[in-house]
Each structure stands twice: as C-alpha cells, then as structure tokens.
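entry.txt follows (compact mmCIF, C-alpha atoms):
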# COMPACT_ATOMS: atom_id res chain seq x y z
CA MET A 1 -13.76 -20.81 6.85
CA LEU A 2 -10.40 -21.95 8.08
CA SER A 3 -10.35 -23.93 11.29
CA GLY A 4 -7.53 -25.61 13.13
CA LYS A 5 -3.82 -24.78 13.26
CA HIS A 6 -2.22 -22.76 10.46
CA SER A 7 0.97 -20.64 10.21
CA GLY A 8 1.42 -20.24 13.97
CA PHE A 9 -2.25 -19.45 14.60
CA GLU A 10 -5.29 -21.48 15.55
CA ALA A 11 -8.51 -20.54 13.78
CA LEU A 12 -11.59 -21.07 15.94
CA PRO A 13 -14.87 -20.54 14.04
CA GLN A 14 -17.41 -18.60 16.12
CA SER A 15 -21.16 -19.18 16.25
CA GLU A 16 -22.15 -15.98 18.07
CA PRO A 17 -23.27 -13.02 15.92
CA LEU A 18 -20.39 -10.74 15.02
CA LEU A 19 -22.33 -7.48 15.42
CA GLU A 20 -25.44 -6.35 17.29
CA ASP A 21 -28.18 -4.04 16.02
CA VAL A 22 -26.62 -1.06 17.85
CA ASP A 23 -23.28 -1.53 16.06
CA VAL A 24 -24.04 1.21 13.52
CA VAL A 25 -20.72 2.96 12.89
CA THR A 26 -20.43 6.39 11.30
CA ALA A 27 -17.28 8.17 10.16
CA ALA A 28 -16.87 11.87 10.96
CA ASP A 29 -15.48 12.37 7.42
CA PRO A 30 -17.78 10.91 4.73
CA ALA A 31 -14.67 9.94 2.69
CA CYS A 32 -13.83 7.50 5.51
CA GLN A 33 -17.28 5.82 5.64
CA PRO A 34 -16.30 2.75 3.55
CA LEU A 35 -13.71 1.98 6.26
CA ALA A 36 -16.23 2.58 9.06
CA ASP A 37 -18.62 0.22 7.24
CA LEU A 38 -16.16 -2.62 7.92
CA ARG A 39 -17.24 -2.39 11.58
CA SER A 40 -20.90 -1.47 11.06
CA VAL A 41 -24.05 -3.58 11.05
CA THR A 42 -25.39 -1.28 8.30
CA PRO A 43 -22.69 -1.11 5.60
CA GLU A 44 -23.54 0.31 2.19
CA HIS A 45 -22.67 -3.08 0.66
CA GLU A 46 -24.85 -5.65 2.39
CA ALA A 47 -23.46 -9.17 2.66
CA THR A 48 -25.43 -12.24 1.66
CA GLY A 49 -23.49 -14.34 4.16
CA THR A 50 -21.05 -13.83 7.04
CA ALA A 51 -18.86 -16.14 9.11
CA TRP A 52 -16.04 -15.32 11.47
CA ALA A 53 -13.29 -16.93 13.49
CA SER A 54 -10.94 -15.87 16.23
CA LEU A 55 -7.27 -16.33 15.41
CA GLY A 56 -5.24 -17.23 18.46
CA ALA A 57 -1.46 -17.39 18.39
CA ARG A 58 -0.07 -20.77 19.40
CA ASP A 59 3.23 -22.29 20.43
CA GLY A 60 3.92 -19.45 22.88
CA ALA A 61 3.83 -16.72 20.24
CA ALA A 62 2.27 -13.37 21.08
CA GLY A 63 -0.62 -12.44 18.88
CA GLY A 64 -4.13 -13.07 17.90
CA GLY A 65 -6.91 -11.45 16.01
CA SER A 66 -9.90 -12.36 13.91
CA VAL A 67 -11.02 -13.04 10.37
CA VAL A 68 -14.45 -12.19 9.01
CA LEU A 69 -15.62 -13.73 5.74
CA THR A 70 -18.46 -12.06 3.87
CA SER A 71 -20.01 -12.90 0.53
CA TYR A 72 -21.76 -10.39 -1.72
CA PRO A 73 -24.01 -10.26 -4.77
CA GLU A 74 -22.11 -10.12 -8.06
CA GLY A 75 -19.88 -7.07 -8.36
CA GLU A 76 -20.41 -5.81 -4.78
CA ALA A 77 -17.16 -7.13 -3.27
CA LYS A 78 -15.13 -5.62 -6.11
CA ALA A 79 -17.00 -2.30 -5.83
CA TRP A 80 -16.41 -2.15 -2.06
CA MET A 81 -12.69 -2.88 -2.54
CA SER A 82 -12.48 0.11 -4.91
CA GLU A 83 -14.19 2.31 -2.33
CA LEU A 84 -11.93 1.00 0.45
CA ARG A 85 -8.81 1.68 -1.64
CA ALA A 86 -9.98 5.26 -2.27
CA ALA A 87 -10.78 5.75 1.43
CA VAL A 88 -7.35 4.48 2.54
CA SER A 89 -5.65 6.90 0.14
CA THR A 90 -7.66 9.96 1.29
CA CYS A 91 -8.64 9.27 4.91
CA LYS A 92 -5.73 9.96 7.26
CA ASP A 93 -7.58 11.27 10.35
CA PHE A 94 -9.96 8.40 11.01
CA ALA A 95 -12.67 9.34 13.52
CA VAL A 96 -15.69 7.06 14.01
CA SER A 97 -18.54 6.67 16.47
CA SER A 98 -21.10 3.97 17.13
CA GLU A 99 -24.71 4.03 18.21
CA ARG A 100 -23.47 1.70 20.98
CA GLY A 101 -21.79 4.81 22.43
CA TRP A 102 -18.09 4.38 21.69
CA LYS A 103 -15.86 6.77 19.75
CA GLU A 104 -12.39 6.28 18.30
CA ARG A 105 -9.93 8.52 16.54
CA GLY A 106 -6.68 7.55 14.94
CA ILE A 107 -4.17 8.14 12.21
CA LEU A 108 -4.61 5.80 9.25
CA THR A 109 -1.61 4.54 7.28
CA ALA A 110 -1.60 2.29 4.20
CA LEU A 111 0.49 -0.90 4.53
CA PRO A 112 1.82 -3.41 1.97
CA SER A 113 -0.59 -6.29 1.41
CA ASP A 114 1.67 -8.83 -0.34
CA GLY A 115 -0.61 -9.22 -3.40
CA ILE A 116 -2.83 -11.81 -1.74
CA GLY A 117 -6.08 -12.93 -3.40
CA ASP A 118 -7.69 -11.37 -6.44
CA GLU A 119 -6.83 -8.07 -4.78
CA SER A 120 -5.89 -6.99 -1.29
CA LEU A 121 -5.51 -3.89 0.82
CA ALA A 122 -3.90 -3.33 4.22
CA PHE A 123 -3.77 -0.41 6.64
CA SER A 124 -3.19 0.43 10.27
CA THR A 125 -4.89 2.87 12.57
CA VAL A 126 -2.85 4.25 15.46
CA SER A 127 -4.90 5.67 18.32
CA ALA A 128 -4.84 9.45 18.76
CA GLU A 129 -5.41 8.97 22.51
CA ALA A 130 -2.92 6.17 23.28
CA ALA A 131 0.34 6.30 21.36
CA GLY A 132 1.40 2.95 19.95
CA LYS A 133 -2.04 1.40 20.44
CA GLY A 134 -4.18 0.58 17.47
CA GLN A 135 -5.03 -2.09 14.95
CA ALA A 136 -3.97 -3.43 11.59
CA MET A 137 -6.44 -4.68 9.02
CA THR A 138 -5.91 -6.62 5.80
CA ILE A 139 -8.79 -7.13 3.37
CA VAL A 140 -8.51 -9.85 0.74
CA ARG A 141 -11.02 -10.21 -2.09
CA THR A 142 -11.62 -13.63 -3.62
CA ASP A 143 -14.25 -13.42 -6.36
CA GLY A 144 -17.41 -12.16 -4.60
CA SER A 145 -16.09 -12.58 -1.05
CA LEU A 146 -14.06 -10.44 1.31
CA ALA A 147 -11.87 -11.79 4.09
CA VAL A 148 -11.10 -9.11 6.68
CA TYR A 149 -8.18 -9.87 9.03
CA LEU A 150 -7.85 -7.74 12.18
CA THR A 151 -5.01 -7.68 14.71
CA SER A 152 -3.79 -5.35 17.41
CA LEU A 153 -0.63 -3.39 16.64
CA GLU A 154 0.84 -4.80 19.86
CA THR A 155 0.74 -8.38 18.55
CA ALA A 156 2.32 -10.30 15.71
CA PRO A 157 0.69 -9.76 12.32
CA ILE A 158 -1.31 -12.52 10.67
CA PRO A 159 1.04 -14.30 8.25
CA ALA A 160 0.45 -13.96 4.53
CA ALA A 161 0.53 -17.78 4.29
CA LEU A 162 -2.63 -18.03 6.40
CA MET A 163 -4.41 -15.43 4.24
CA LYS A 164 -3.30 -17.21 1.07
CA LEU A 165 -4.63 -20.51 2.40
CA GLN A 166 -8.02 -18.92 3.15
CA HIS A 167 -8.03 -17.42 -0.36
CA GLU A 168 -7.32 -20.85 -1.89
CA ARG A 169 -10.13 -22.44 0.11
CA LEU A 170 -12.58 -19.82 -1.08
CA ARG A 171 -11.30 -20.20 -4.65
CA ASP A 172 -11.89 -23.97 -4.53
CA LEU A 173 -15.56 -23.65 -3.56
CA PRO A 174 -17.97 -24.92 -6.22
Translate this structure into structure tokens?
Amino acid sequence: MLSGKHSGFEALPQSEPLLEDVDVVTAADPACQPLADLRSVTPEHEATGTAWASLGARDGAAGGGSVVLTSYPEGEAKAWMSELRAAVSTCKDFAVSSERGWKERGILTALPSDGIGDESLAFSTVSAEAAGKGQAMTIVRTDGSLAVYLTSLETAPIPAALMKLQHERLRDLP
C-alpha cells in the first residue's frame, strides 16, 4: 500500500474496516451487480485480503479520494475485471441500494484508463438527483490484486503516475 506523498496526493493508510456488515449493496439491474459489488461487503468475488488508504490532495490542490487494494485467489481478479468491463459496457442507468438504507441512481459513462497495470478500467457515475455530482472510479489489476481508486467528480482526478507507482509496488512483491 502506498503511503506518503506522491503525484500531488498524500496517501494515508487506514486501519478502520472499510465496510460494515450492513454494507450489502444490490443493483436494480442484475447486469450492473459487478459494479455494485465494488461497494458491497458481500461481492461475488471474495477477497483474501483488503487494505485501504485515503488520498488527500496536497500543496493547495483541490481533490482527494481513496484507494482500496484487494487480493484474490488465482484467477478471481482477472474474472472480476472481465465482469466489470461487461457491466460498464451495458449498464448505463446505475441504480443501487444498500441494506444500510441508502439508495443512489446515476448515469454511468466509460472513461479512458491510460493502460495502467495488467489491465485497467475507468468510469464515472453522474447523479440522477444532483446534476454534476458523482464519482469517478478507476480499477487497476496487477496479477491477482485489484486497486480501486475513487474520487468525486468535483475534485481533481487521481494522476496516472500514482496508479502506476502502486502497480509497480504490487508487481515487486515476492
């Protein structure tokens, strides 16, 4: 996990759990469920390990976000990336709800991902309720791990250089 200052951001590893037991997220359209699973405590592809960090903009820049690293049994990360790619190409009206009680609906749009990692995928979701509000997500696969980068659409995107550095660190693990 990256920590410290990188590409205009400061990565601060977090020790608190990322999700709680009630963070079970379901998509209204089953074709969108792989995307909903990115925010669910019960994804189809269960991770063997998870770590996350907040990404705060520094030097007066607007921005911030988070990165979640997950590792999977052999073949699972690659399989999930295939499912995510299919979901991004078919799921345009993205409506999800959580057992916690929240609901969201937005328009999903594929974004360029700069060819980071073994494979990568990026998309944004613009809120159906609040025009211009939403989030951007980039998912980078490195071997059997996924790095999921999340930012608000109102802030600066996470630079490709930071994602490439995280990919290289994962690649260099024994």
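Surrounding range 113-119 of chain A within 6 Å are Leu121, Ala122, Val140, Arg141, Thr142 and His167 of chain A, with only C-alpha atoms counted and residues fewer than 2 positions along the same chain left out.
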**Report entry** Contacts of Glu16 in chain A at 12 Å (only C-alpha atoms; same-chain gap of 6+ positions) as number ranges by chain
**Finding:** A: 50-54
Query - Spatial neighbours of Trp80 in chain A, 12 Å, only C-alpha atoms, chain gap at least 2 places, as number ranges by chain - result: A: 33-35, 37-38, 43-47, 70-78, 82-87, 119-121, 139-141, 144-146
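Distances to Ala31 in chain A were evaluated for A:Leu108, A:Ala160, A:Cys91, A:Leu55 using only C-alpha atoms, and the minimum falls at A:Cys91.
The two atoms in question, CA of Thr155 in chain A and CA of Gly56 in chain A, are spaced 10.7 Å apart.
Rounded to one decimal, CA of Gly134 in chain A and CA of Leu150 in chain A lie 10.5 Å from each other.
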Query raised in the report: By how many Å are CA of Arg171 in chain A and CA of Arg39 in chain A apart?
Result: 24.8 Å
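Those DNA, RNA and protein residues that approach the point (-24.9, 3.5, 13.1) to within 7 Å, considering only C-alpha atoms, are Val22, Asp23, Val24, Val25, Thr26, Ser40, Thr42, Ser98 and Glu99 of chain A.
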Query raised in the report: Looking at A:Ile158, A:Gly106, A:Val88, A:Pro112, which one is nearest to Lys133 in chain A, with distances taken over all atoms listed in the file?
Result: A:Gly106
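Minimum atom-to-atom distances from A:Ser127, A:Ser89, A:Ala79, A:Arg105 to Asp143 in chain A were compared using all atoms listed in the file, and the lowest value belongs to A:Ala79.
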Where's the centre, and what are the edge lengths in Å to one decimal, of a box along x, y and z enclosing all listed atoms of range 93-100 of chain A padded 8 Å per side, as JSON?
{"center_x": -16.1, "center_y": 6.5, "center_z": 15.7, "size_x": 33.1, "size_y": 25.6, "size_z": 26.6}
